[in-house]
$ cat query36.txt   # compact mmCIF, C-alpha atoms
# COMPACT_ATOMS: atom_id res chain seq x y z
CA MET A 1 38.82 -3.04 37.01
CA PRO A 2 40.27 0.50 37.50
CA ASP A 3 43.75 0.71 38.99
CA ILE A 4 44.36 2.21 42.43
CA ASP A 5 45.49 5.57 41.02
CA SER A 6 42.24 6.10 39.12
CA ILE A 7 40.23 5.10 42.19
CA THR A 8 42.15 7.57 44.36
CA LYS A 9 41.66 10.32 41.78
CA ASN A 10 37.95 9.55 41.56
CA ASN A 11 37.54 9.66 45.34
CA SER A 12 39.34 13.01 45.55
CA VAL A 13 36.97 14.45 42.93
CA LEU A 14 33.95 13.21 44.88
CA LEU A 15 35.26 14.70 48.13
CA SER A 16 35.86 18.02 46.39
CA GLN A 17 32.34 18.01 44.96
CA ARG A 18 30.88 17.26 48.38
CA GLU A 19 32.86 20.02 50.07
CA ASN A 20 32.14 22.63 47.41
CA GLY A 21 28.61 21.56 46.56
CA TYR A 22 27.24 20.02 43.39
CA SER A 23 26.62 22.56 40.65
CA GLY A 24 25.29 22.69 37.13
CA ASN A 25 21.61 22.10 37.72
CA PHE A 26 19.14 24.96 37.42
CA GLN A 27 21.92 27.27 36.26
CA LEU A 28 22.25 25.28 33.05
CA TYR A 29 18.60 24.45 32.67
CA THR A 30 16.92 27.58 31.32
CA ASP A 31 14.27 26.35 28.91
CA SER A 32 11.34 26.06 31.35
CA THR A 33 9.77 28.10 34.12
CA PHE A 34 8.74 26.72 37.49
CA SER A 35 7.03 28.06 40.58
CA MET A 36 6.44 26.31 43.88
CA ASN A 37 3.73 27.53 46.22
CA GLN A 38 3.35 26.19 49.76
CA ASP A 39 -0.10 27.62 50.47
CA THR A 40 -2.86 25.37 51.78
CA ARG A 41 -5.44 27.54 50.03
CA THR A 42 -4.29 26.18 46.67
CA LEU A 43 -5.06 22.61 47.67
CA LYS A 44 -8.25 20.72 46.93
CA ASN A 45 -9.02 20.36 50.62
CA PRO A 46 -7.51 21.55 53.93
CA GLN A 47 -5.72 18.24 54.50
CA ASN A 48 -2.03 18.05 53.64
CA ASN A 49 -1.42 16.62 50.21
CA LYS A 50 0.84 16.92 47.19
CA ARG A 51 -0.65 18.28 44.00
CA LEU A 52 0.84 18.66 40.53
CA LEU A 53 -0.74 21.13 38.12
CA TYR A 54 -0.34 20.97 34.35
CA LYS A 55 -1.79 24.14 32.78
CA PRO A 56 -3.90 26.49 34.94
CA ILE A 57 -7.08 24.41 34.83
CA ASN A 58 -5.84 20.85 35.24
CA SER A 59 -4.52 19.23 38.40
CA ILE A 60 -3.40 15.77 39.41
CA ASP A 61 -2.89 14.60 42.99
CA ALA A 62 0.48 12.92 43.49
CA SER A 63 -0.90 9.63 44.82
CA ILE A 64 -0.19 6.02 43.95
CA GLU A 65 -3.70 5.64 42.51
CA ASN A 66 -2.86 8.10 39.72
CA VAL A 67 0.41 6.47 38.67
CA VAL A 68 0.71 4.99 35.19
CA SER A 69 0.73 1.28 35.92
CA LYS A 70 3.61 0.22 33.67
CA PRO A 71 6.27 2.92 33.70
CA THR A 72 9.48 2.36 31.78
CA TRP A 73 12.00 5.19 31.80
CA GLN A 74 10.04 7.58 34.01
CA LEU A 75 7.36 7.74 36.68
CA SER A 76 4.17 9.42 35.48
CA ILE A 77 0.80 10.26 36.93
CA GLU A 78 -2.34 10.81 34.91
CA LYS A 79 -5.96 11.80 35.33
CA ASN A 80 -8.70 12.59 32.83
CA PHE A 81 -6.33 11.98 29.91
CA GLU A 82 -3.78 14.48 31.23
CA SER A 83 -0.39 13.42 32.58
CA VAL A 84 2.70 14.72 34.35
CA ASN A 85 5.93 12.86 33.61
CA SER A 86 9.36 12.36 35.20
CA ILE A 87 8.15 13.03 38.73
CA GLU A 88 10.34 10.53 40.64
CA HIS A 89 13.32 12.78 41.45
CA LEU A 90 11.23 15.69 42.70
CA LEU A 91 8.96 13.39 44.74
CA SER A 92 12.01 11.70 46.24
CA THR A 93 13.34 15.08 47.35
CA LEU A 94 10.03 16.14 48.86
CA GLU A 95 9.68 12.88 50.78
CA ALA A 96 13.28 13.00 52.04
CA LEU A 97 12.83 16.60 53.22
CA SER A 98 9.45 15.80 54.87
CA ILE A 99 7.53 18.19 52.62
CA ASP A 100 3.97 17.03 52.12
CA ASN A 101 1.87 20.14 51.53
CA LEU A 102 2.48 22.05 48.32
CA ARG A 103 1.30 22.81 44.83
CA ILE A 104 3.61 22.57 41.84
CA ASP A 105 2.80 24.65 38.77
CA ILE A 106 4.25 23.48 35.45
CA SER A 107 4.49 25.59 32.33
CA ASP A 108 5.78 24.83 28.82
CA GLY A 109 4.92 21.15 28.86
CA ASN A 110 4.03 18.32 31.20
CA HIS A 111 7.49 17.04 32.18
CA ILE A 112 9.30 17.67 35.45
CA PRO A 113 12.93 18.47 34.50
CA ILE A 114 15.43 15.70 35.17
CA LEU A 115 18.19 18.34 35.28
CA ASP A 116 21.54 16.57 35.72
CA GLY A 117 19.92 13.17 36.27
CA SER A 118 19.95 13.44 40.07
CA ALA A 119 17.87 15.11 42.78
CA ILE A 120 20.53 17.49 44.10
CA GLY A 121 19.18 20.43 42.08
CA TRP A 122 15.78 20.09 43.72
CA VAL A 123 17.34 19.80 47.18
CA ASP A 124 19.33 23.00 46.67
CA GLU A 125 16.43 24.98 45.23
CA ILE A 126 14.07 23.97 48.03
CA ALA A 127 16.74 24.90 50.58
CA LYS A 128 16.98 28.34 48.99
CA ALA A 129 13.20 28.77 49.01
CA LYS A 130 13.05 27.60 52.66
CA ILE A 131 10.41 25.38 54.21
CA THR A 132 7.51 26.70 56.29
CA TYR A 133 4.88 24.92 58.37
CA SER A 134 1.33 25.08 57.03
CA LYS A 135 -1.55 26.28 59.17
CA SER A 136 -3.31 22.93 58.93
CA ASN A 137 -0.33 21.21 60.55
CA SER A 138 0.38 23.63 63.42
CA SER A 139 -1.30 25.22 66.39
CA PHE A 140 -1.30 28.99 66.99
CA ASN A 141 -0.99 31.36 69.88
CA SER A 142 -2.89 34.63 70.30
CA LYS A 143 -0.41 36.49 68.07
CA ASN A 144 -1.15 34.11 65.20
CA GLN A 145 2.35 32.64 65.32
CA TYR A 146 3.32 29.00 65.10
CA GLU A 147 3.43 27.44 68.54
CA LYS A 148 3.81 23.71 68.01
CA ARG A 149 4.01 21.54 64.96
CA LYS A 150 1.83 18.45 64.92
CA LYS A 151 3.74 15.20 65.15
CA LYS A 152 4.00 13.22 61.95
CA LEU A 153 2.85 9.63 62.12
CA ARG A 154 4.78 6.85 60.39
CA SER A 155 3.16 3.75 59.05
CA HIS A 156 4.23 0.12 59.21
CA ALA A 157 3.11 -3.33 58.11
CA ASN A 158 2.90 -6.34 60.38
CA LYS A 159 4.01 -9.00 57.95
CA PHE A 160 6.65 -9.82 55.38
CA ILE A 161 5.71 -9.21 51.74
CA THR A 162 7.59 -9.71 48.49
CA LEU A 163 7.06 -9.25 44.76
CA ASN A 164 9.23 -10.57 41.97
CA SER A 165 9.59 -10.27 38.21
CA ASN A 166 12.00 -12.71 36.56
CA ASP A 167 15.17 -12.46 38.66
CA SER A 168 14.19 -9.09 40.23
CA PHE A 169 12.39 -8.73 43.54
CA ILE A 170 11.36 -6.23 46.20
CA SER A 171 10.64 -7.36 49.76
CA TYR A 172 9.44 -5.70 52.95
CA TYR A 173 10.51 -6.87 56.41
CA PRO A 174 8.82 -5.42 59.53
CA ASP A 175 11.32 -3.46 61.63
CA THR A 176 11.55 -0.58 64.08
CA SER A 177 13.73 1.53 61.76
CA SER A 178 13.33 2.64 58.15
CA LYS A 179 15.95 1.21 55.81
CA ILE A 180 16.17 0.64 52.07
CA THR A 181 18.73 -1.77 50.60
CA VAL A 182 19.30 -2.16 46.86
CA GLY A 183 21.41 -4.72 45.04
CA LEU A 184 22.37 -4.81 41.35
CA ASP A 185 24.15 -7.38 39.24
CA LEU A 186 24.85 -6.22 35.69
CA SER A 187 28.23 -7.85 35.46
CA LYS A 188 27.28 -9.83 32.32
CA ASN A 189 26.01 -7.00 30.11
CA ALA A 190 27.68 -4.02 31.81
CA PRO A 191 30.80 -5.11 33.75
CA ILE A 192 31.62 -1.47 34.52
CA ILE A 193 28.49 -1.40 36.71
CA GLY A 194 29.00 -4.94 37.92
CA LYS A 195 27.64 -5.90 41.32
CA GLN A 196 26.57 -3.08 43.61
CA TRP A 197 24.90 -3.01 47.02
CA PHE A 198 23.94 -0.02 49.12
CA SER A 199 21.80 0.42 52.25
CA TYR A 200 20.36 3.67 53.49
CA ASN A 201 18.37 4.61 56.58
CA ILE A 202 16.85 7.98 55.80
CA PHE A 203 16.31 8.90 59.45
CA GLU A 204 19.63 7.69 60.88
CA ASP A 205 22.35 7.85 58.19
CA ASP A 206 24.08 10.90 56.75
CA HIS A 207 21.72 13.42 55.14
CA TYR A 208 19.89 12.56 51.91
CA LYS A 209 21.58 15.56 50.27
CA TRP A 210 24.97 13.86 50.50
CA GLU A 211 24.21 10.15 50.38
CA ILE A 212 21.40 9.80 47.83
CA ALA A 213 20.41 13.03 46.07
CA PRO A 214 23.61 13.48 43.98
CA ALA A 215 23.42 9.95 42.49
CA ARG A 216 22.70 10.30 38.77
CA MET A 217 20.65 8.14 36.45
CA TYR A 218 22.37 5.37 34.56
CA ILE A 219 21.81 3.25 31.47
CA ASN A 220 23.54 -0.07 31.03
CA SER A 221 24.11 -0.01 27.25
CA LEU A 222 24.26 2.25 24.23
CA ASP A 223 21.27 0.44 22.77
CA GLN A 224 19.15 1.40 25.78
CA LEU A 225 20.41 4.97 25.49
CA TYR A 226 19.25 5.19 21.86
CA LYS A 227 15.83 3.78 22.73
CA ALA A 228 15.33 6.28 25.55
CA THR A 229 16.58 9.16 23.42
CA ASP A 230 14.23 8.23 20.56
CA ILE A 231 11.19 8.71 22.81
CA GLY A 232 12.54 12.06 24.01
CA TYR A 233 13.13 11.08 27.62
CA PHE A 234 16.31 13.10 28.15
CA LYS A 235 15.05 16.31 26.56
CA THR A 236 14.37 17.81 30.01
CA GLY A 237 17.95 17.36 31.16
CA ILE A 238 21.23 19.13 30.68
CA GLU A 239 24.20 17.78 28.73
CA ASN A 240 25.67 14.60 30.23
CA THR A 241 22.53 14.05 32.27
CA ILE A 242 23.09 10.32 32.64
CA ASN A 243 25.87 7.83 33.34
CA VAL A 244 26.11 5.61 30.26
CA ALA A 245 27.78 2.21 30.51
CA ASN A 246 29.54 0.99 27.38
CA PHE A 247 30.21 -2.58 28.48
CA ASP A 248 33.45 -2.31 30.50
CA SER A 249 33.80 1.49 30.51
CA TRP A 250 31.79 4.66 31.11
CA LEU A 251 31.20 7.08 28.27
CA ASN A 252 31.54 9.95 30.75
CA SER A 253 33.54 8.68 33.71
CA ASP A 254 34.33 12.22 34.89
CA SER A 255 30.66 12.66 35.81
CA LEU A 256 30.61 9.80 38.34
CA ARG A 257 30.00 10.91 41.92
CA TYR A 258 30.22 7.62 43.84
CA TYR A 259 32.65 4.91 42.95
CA ASN A 260 30.96 1.51 42.60
CA THR A 261 27.70 2.48 44.35
CA GLU A 262 26.14 5.29 42.32
CA CYS A 263 23.71 3.09 40.38
CA ALA A 264 22.45 1.40 43.55
CA ARG A 265 22.11 4.77 45.27
CA HIS A 266 20.04 6.10 42.38
CA GLU A 267 17.70 3.13 42.62
CA ILE A 268 17.15 4.06 46.28
CA LEU A 269 16.43 7.63 45.15
CA ASP A 270 13.69 6.32 42.84
CA ILE A 271 12.23 4.02 45.50
CA ILE A 272 11.98 6.93 47.95
CA GLY A 273 10.15 8.90 45.25
CA CYS A 274 7.64 6.10 44.76
CA LEU A 275 7.14 5.74 48.52
CA GLY A 276 6.43 9.48 48.63
CA LEU A 277 3.19 8.68 46.82
CA LEU A 278 2.01 7.03 50.06
CA SER A 279 2.19 10.25 52.11
CA TYR A 280 -1.26 11.13 53.42
CA LYS A 281 -2.69 13.89 55.60
CA GLY A 282 0.71 15.20 56.62
CA ASN A 283 2.24 11.80 57.33
CA GLY A 284 5.33 10.61 55.48
CA GLY A 285 5.31 7.87 52.88
CA ILE A 286 8.39 5.96 54.07
CA PRO A 287 7.23 3.32 56.57
CA PHE A 288 8.97 1.60 59.44
CA GLY A 289 10.56 -1.52 58.04
CA HIS A 290 13.38 -2.77 55.86
CA ILE A 291 12.80 -2.71 52.10
CA VAL A 292 15.20 -4.91 50.13
CA ALA A 293 15.23 -4.60 46.34
CA TYR A 294 17.30 -6.61 43.89
CA LYS A 295 17.57 -5.28 40.32
CA PRO A 296 14.38 -3.20 40.70
CA ASP A 297 12.72 -1.22 37.92
CA LEU A 298 9.96 1.38 38.12
CA GLU A 299 7.19 -1.02 37.10
CA LEU A 300 8.05 -3.50 39.84
CA THR A 301 8.47 -0.71 42.38
CA VAL A 302 5.04 0.75 41.59
CA ARG A 303 3.43 -2.69 41.97
CA PHE A 304 5.20 -3.11 45.28
CA VAL A 305 4.11 0.29 46.62
CA LYS A 306 0.49 -0.43 45.68
CA LEU A 307 0.62 -3.74 47.56
CA LEU A 308 2.37 -2.15 50.53
CA LYS A 309 -0.33 0.53 50.81
CA GLU A 310 -3.00 -2.13 51.36
CA LEU A 311 -1.11 -3.47 54.41
CA LEU A 312 0.13 -0.28 56.07
CA ILE A 313 -1.27 0.89 59.40
CA PHE A 314 -0.48 3.96 61.51
$ encode --input "query36.txt" --output "structure tokens"
Amino acid sequence: MPDIDSITKNNSVLLSQRENGYSGNFQLYTDSTFSMNQDTRTLKNPQNNKRLLYKPINSIDASIENVVSKPTWQLSIEKNFESVNSIEHLLSTLEALSIDNLRIDISDGNHIPILDGSAIGWVDEIAKAKITYSKSNSSFNSKNQYEKRKKKLRSHANKFITLNSNDSFISYYPDTSSKITVGLDLSKNAPIIGKQWFSYNIFEDDHYKWEIAPARMYINSLDQLYKATDIGYFKTGIENTINVANFDSWLNSDSLRYYNTECARHEILDIIGCLGLLSYKGNGGIPFGHIVAYKPDLELTVRFVKLLKELLIF
């Protein structure tokens, strides 16, 4: 357990980062080229949807039906033997910022960059690009200017559902707010991570940019790090793109952004990204209700989202 001086120092670093902004994302990532186009004419149909393009002639809708059923280190979608990988951080950002109508062009590969292991780079870049309302989601006056944006609908389910895998589970409780709670217990294999809990209401708590987006990926052992590195998972990230637990210490403790909650926050980031695959016709993917996840992984989360979709109503 860190002493009080190290905790105080860590908190002061986090406050400084929050005040000055998180840096080191796109500035350090210079190996790929990206363009984002919010034009309804590039979509398959006039309804609002998310679409990922890999090469000029291939496209894949970002929907739960196209998700690879058993993801491990990353969330991927595929269609007609083509795939786009590592989409969870970008989808989480889009869902949190209520962006549902865009096309994403990818060059030099089929991976979305993981950057510094968080979503803050995507949040900042989208803020720079600015968000506009599409014609299919607004009404116009005689001067062809936006007059009123259509109201987004939010879905809900009427009954409790739960899925489990070994000692992990994800449950949904009907509610009038939208909250996600994640718990972790890695105290046996990674005491430095230990037991973490964090709850987040995306529509009522502090902004996603500060509470969730900066939380970086984590791995709970060096063995898991080597396995992920061998399959090339971290090749689309910058140096120190992940928090690595080495039993009772961090390999890169200076990179931590939240003391004792960062891993749980990042799990919420991934869950929001998976829920973003439920957005449909301009309506957000995050439903009314309380989602509680204990030691979730991407495979369990994808199974849960598929089950949830069958029960959601607007």
$ closest_residue --input "query36.txt" --among "A:Glu262, A:Glu239, A:Asp254, A:Asp61" --to "Trp197 in chain A" --atoms "all atoms listed in the file"
A:Glu262
$ closest_residue --input "query36.txt" --among "A:Arg103, A:His111, A:Arg257, A:Lys159" --to "Thr236 in chain A" --atoms "all atoms listed in the file"
A:His111
$ closest_atom_pairs --input "query36.txt" --of "range 75-176 of chain A" --to "range 272-284 of chain A" --cutoff "10 Å" --atoms "all atoms listed in the file" --output "CSV"
residue,atom,partner,partner_atom,distance
A:Leu75,CA,A:Cys274,CA,8.2
A:Ile87,CA,A:Gly273,CA,8.0
A:Glu88,CA,A:Gly273,CA,4.9
A:His89,CA,A:Gly273,CA,6.3
A:Leu90,CA,A:Gly273,CA,7.3
A:Leu91,CA,A:Gly273,CA,4.7
A:Ser92,CA,A:Gly273,CA,3.5
A:Thr93,CA,A:Gly273,CA,7.3
A:Leu94,CA,A:Gly276,CA,7.6
A:Glu95,CA,A:Gly276,CA,5.2
A:Ala96,CA,A:Ile272,CA,7.4
A:Leu97,CA,A:Gly284,CA,9.9
A:Ser98,CA,A:Gly284,CA,6.7
A:Ile99,CA,A:Gly284,CA,8.4
A:Asp100,CA,A:Gly282,CA,5.9
A:Asn101,CA,A:Gly282,CA,7.2
A:Ser134,CA,A:Gly282,CA,9.9
A:Ser136,CA,A:Gly282,CA,9.0
A:Asn137,CA,A:Gly282,CA,7.3
A:Lys150,CA,A:Gly282,CA,9.0
A:Lys151,CA,A:Asn283,CA,8.7
A:Lys152,CA,A:Asn283,CA,5.1
A:Leu153,CA,A:Asn283,CA,5.3
A:Arg154,CA,A:Gly284,CA,6.2
A:Ser155,CA,A:Gly284,CA,8.0
$ atom_distance --input "query36.txt" --atom1 "CA of Glu267 in chain A" --atom2 "CA of Pro296 in chain A"
7.4 Å
$ atom_distance --input "query36.txt" --atom1 "CA of Glu125 in chain A" --atom2 "CA of Thr301 in chain A"
27.0 Å
$ residues_around --input "query36.txt" --residues "Thr241 in chain A" --least-positions-apart "6" --cutoff "9 Å" --atoms "all atoms listed in the file" --output "PyMOL selection string"
chain A and resi 114-118+216-218+234+255
$ write_last_selection --input "query36.txt" --atoms "C-alpha atoms" --output "tab-separated table (two decimals), in the frame of the given file"
chain	number	residue	atom	x	y	z
A	114	ILE	CA	15.43	15.70	35.17
A	115	LEU	CA	18.19	18.34	35.28
A	116	ASP	CA	21.54	16.57	35.72
A	117	GLY	CA	19.92	13.17	36.27
A	118	SER	CA	19.95	13.44	40.07
A	216	ARG	CA	22.70	10.30	38.77
A	217	MET	CA	20.65	8.14	36.45
A	218	TYR	CA	22.37	5.37	34.56
A	234	PHE	CA	16.31	13.10	28.15
A	255	SER	CA	30.66	12.66	35.81
$ residues_near_point --input "query36.txt" --point "(10.0, 5.3, 31.7)" --cutoff "9 Å" --atoms "only C-alpha atoms" --output "ChimeraX atom specification"
/A:70-76,85-86,228,233,298-299
$ atom_distance --input "query36.txt" --atom1 "CA of Ala245 in chain A" --atom2 "CA of Gln196 in chain A"
14.2 Å
$ closest_residue --input "query36.txt" --among "A:Asp105, A:Asp223, A:Glu310, A:Glu211" --to "Ile268 in chain A" --atoms "all atoms listed in the file"
A:Glu211
$ residues_around --input "query36.txt" --residues "Pro214 in chain A" --least-positions-apart "4" --cutoff "10 Å" --atoms "only C-alpha atoms" --output "ChimeraX atom specification"
/A:17-18,21-22,116-121,123,208-210,256-258,262,265-266,269
$ closest_residue --input "query36.txt" --among "A:Tyr173, A:Ser59, A:Thr181, A:Ser165" --to "Ile106 in chain A" --atoms "only C-alpha atoms"
A:Ser59
$ residues_around --input "query36.txt" --residues "Ile77 in chain A" --least-positions-apart "3" --cutoff "7 Å" --atoms "only C-alpha atoms" --output "list in words"
Asn66, Val67, Val68, Ser83, Val84 and Asn85 of chain A
$ write_last_selection --input "query36.txt" --atoms "C-alpha atoms" --output "PDB file, in the coordinates of the input"
ATOM      1  CA  ASN A  66      -2.860   8.100  39.720  1.00  0.00           C
ATOM      2  CA  VAL A  67       0.410   6.470  38.670  1.00  0.00           C
ATOM      3  CA  VAL A  68       0.710   4.990  35.190  1.00  0.00           C
ATOM      4  CA  SER A  83      -0.390  13.420  32.580  1.00  0.00           C
ATOM      5  CA  VAL A  84       2.700  14.720  34.350  1.00  0.00           C
ATOM      6  CA  ASN A  85       5.930  12.860  33.610  1.00  0.00           C
TER       7      ASN A  85
END
$ closest_residue --input "query36.txt" --among "A:Val305, A:Leu300, A:Leu312, A:Ala213" --to "Ser168 in chain A" --atoms "all atoms listed in the file"
A:Leu300
$ closest_residue --input "query36.txt" --among "A:Gly289, A:Ser178, A:Leu225, A:Asn189" --to "Asp205 in chain A" --atoms "only C-alpha atoms"
A:Ser178
$ residues_around --input "query36.txt" --residues "Asn158 in chain A" --least-positions-apart "6" --cutoff "12 Å" --atoms "only C-alpha atoms" --output "PDB file with C-alpha atoms, keeping the file's coordinate frame"
ATOM      1  CA  TYR A 172       9.440  -5.700  52.950  1.00  0.00           C
ATOM      2  CA  TYR A 173      10.510  -6.870  56.410  1.00  0.00           C
ATOM      3  CA  PRO A 174       8.820  -5.420  59.530  1.00  0.00           C
ATOM      4  CA  ASP A 175      11.320  -3.460  61.630  1.00  0.00           C
ATOM      5  CA  THR A 176      11.550  -0.580  64.080  1.00  0.00           C
ATOM      6  CA  PRO A 287       7.230   3.320  56.570  1.00  0.00           C
ATOM      7  CA  PHE A 288       8.970   1.600  59.440  1.00  0.00           C
ATOM      8  CA  GLY A 289      10.560  -1.520  58.040  1.00  0.00           C
ATOM      9  CA  HIS A 290      13.380  -2.770  55.860  1.00  0.00           C
ATOM     10  CA  LEU A 308       2.370  -2.150  50.530  1.00  0.00           C
ATOM     11  CA  GLU A 310      -3.000  -2.130  51.360  1.00  0.00           C
ATOM     12  CA  LEU A 311      -1.110  -3.470  54.410  1.00  0.00           C
ATOM     13  CA  LEU A 312       0.130  -0.280  56.070  1.00  0.00           C
ATOM     14  CA  ILE A 313      -1.270   0.890  59.400  1.00  0.00           C
ATOM     15  CA  PHE A 314      -0.480   3.960  61.510  1.00  0.00           C
TER      16      PHE A 314
END
$ decode --input "query36.txt" --residues "range 290-305 of chain A" --atoms "N, CA, C and O atoms" --output "mmCIF file, in the first residue's frame"
data_model
loop_
_atom_site.group_PDB
_atom_site.id
_atom_site.type_symbol
_atom_site.label_atom_id
_atom_site.label_comp_id
_atom_site.auth_asym_id
_atom_site.auth_seq_id
_atom_site.Cartn_x
_atom_site.Cartn_y
_atom_site.Cartn_z
ATOM 1 N N HIS A 290 -29.629 0.792 -14.781
ATOM 2 C CA HIS A 290 -28.363 0.680 -14.062
ATOM 3 C C HIS A 290 -27.678 -0.616 -14.489
ATOM 4 O O HIS A 290 -28.215 -1.705 -14.279
ATOM 5 N N ILE A 291 -26.514 -0.489 -15.114
ATOM 6 C CA ILE A 291 -25.720 -1.639 -15.525
ATOM 7 C C ILE A 291 -24.616 -1.846 -14.493
ATOM 8 O O ILE A 291 -23.829 -0.938 -14.222
ATOM 9 N N VAL A 292 -24.583 -3.028 -13.912
ATOM 10 C CA VAL A 292 -23.579 -3.370 -12.898
ATOM 11 C C VAL A 292 -22.722 -4.503 -13.441
ATOM 12 O O VAL A 292 -23.248 -5.564 -13.798
ATOM 13 N N ALA A 293 -21.419 -4.276 -13.527
ATOM 14 C CA ALA A 293 -20.504 -5.281 -14.067
ATOM 15 C C ALA A 293 -19.419 -5.580 -13.047
ATOM 16 O O ALA A 293 -18.828 -4.666 -12.473
ATOM 17 N N TYR A 294 -19.168 -6.864 -12.849
ATOM 18 C CA TYR A 294 -18.105 -7.289 -11.931
ATOM 19 C C TYR A 294 -17.082 -8.092 -12.720
ATOM 20 O O TYR A 294 -17.411 -9.107 -13.331
ATOM 21 N N LYS A 295 -15.859 -7.608 -12.766
ATOM 22 C CA LYS A 295 -14.758 -8.248 -13.494
ATOM 23 C C LYS A 295 -15.153 -8.553 -14.937
ATOM 24 O O LYS A 295 -15.009 -9.683 -15.414
ATOM 25 N N PRO A 296 -15.664 -7.554 -15.669
ATOM 26 C CA PRO A 296 -16.110 -7.811 -17.042
ATOM 27 C C PRO A 296 -14.930 -7.945 -17.995
ATOM 28 O O PRO A 296 -13.845 -7.430 -17.744
ATOM 29 N N ASP A 297 -15.147 -8.640 -19.104
ATOM 30 C CA ASP A 297 -14.217 -8.620 -20.222
ATOM 31 C C ASP A 297 -15.031 -8.343 -21.484
ATOM 32 O O ASP A 297 -16.266 -8.311 -21.455
ATOM 33 N N LEU A 298 -14.348 -8.135 -22.607
ATOM 34 C CA LEU A 298 -15.049 -7.737 -23.829
ATOM 35 C C LEU A 298 -16.005 -8.823 -24.324
ATOM 36 O O LEU A 298 -17.093 -8.516 -24.810
ATOM 37 N N GLU A 299 -15.622 -10.081 -24.195
ATOM 38 C CA GLU A 299 -16.497 -11.149 -24.666
ATOM 39 C C GLU A 299 -17.809 -11.174 -23.895
ATOM 40 O O GLU A 299 -18.895 -11.263 -24.489
ATOM 41 N N LEU A 300 -17.741 -11.055 -22.585
ATOM 42 C CA LEU A 300 -18.956 -11.047 -21.774
ATOM 43 C C LEU A 300 -19.780 -9.799 -22.059
ATOM 44 O O LEU A 300 -21.011 -9.864 -22.140
ATOM 45 N N THR A 301 -19.110 -8.672 -22.242
ATOM 46 C CA THR A 301 -19.832 -7.428 -22.519
ATOM 47 C C THR A 301 -20.571 -7.500 -23.842
ATOM 48 O O THR A 301 -21.719 -7.054 -23.957
ATOM 49 N N VAL A 302 -19.948 -8.058 -24.869
ATOM 50 C CA VAL A 302 -20.606 -8.203 -26.172
ATOM 51 C C VAL A 302 -21.825 -9.120 -26.056
ATOM 52 O O VAL A 302 -22.895 -8.819 -26.605
ATOM 53 N N ARG A 303 -21.692 -10.223 -25.351
ATOM 54 C CA ARG A 303 -22.848 -11.109 -25.144
ATOM 55 C C ARG A 303 -23.978 -10.376 -24.432
ATOM 56 O O ARG A 303 -25.163 -10.527 -24.782
ATOM 57 N N PHE A 304 -23.621 -9.568 -23.454
ATOM 58 C CA PHE A 304 -24.615 -8.823 -22.694
ATOM 59 C C PHE A 304 -25.331 -7.802 -23.579
ATOM 60 O O PHE A 304 -26.564 -7.676 -23.533
ATOM 61 N N VAL A 305 -24.579 -7.082 -24.389
ATOM 62 C CA VAL A 305 -25.182 -6.063 -25.255
ATOM 63 C C VAL A 305 -26.118 -6.702 -26.274
ATOM 64 O O VAL A 305 -27.186 -6.158 -26.585
#
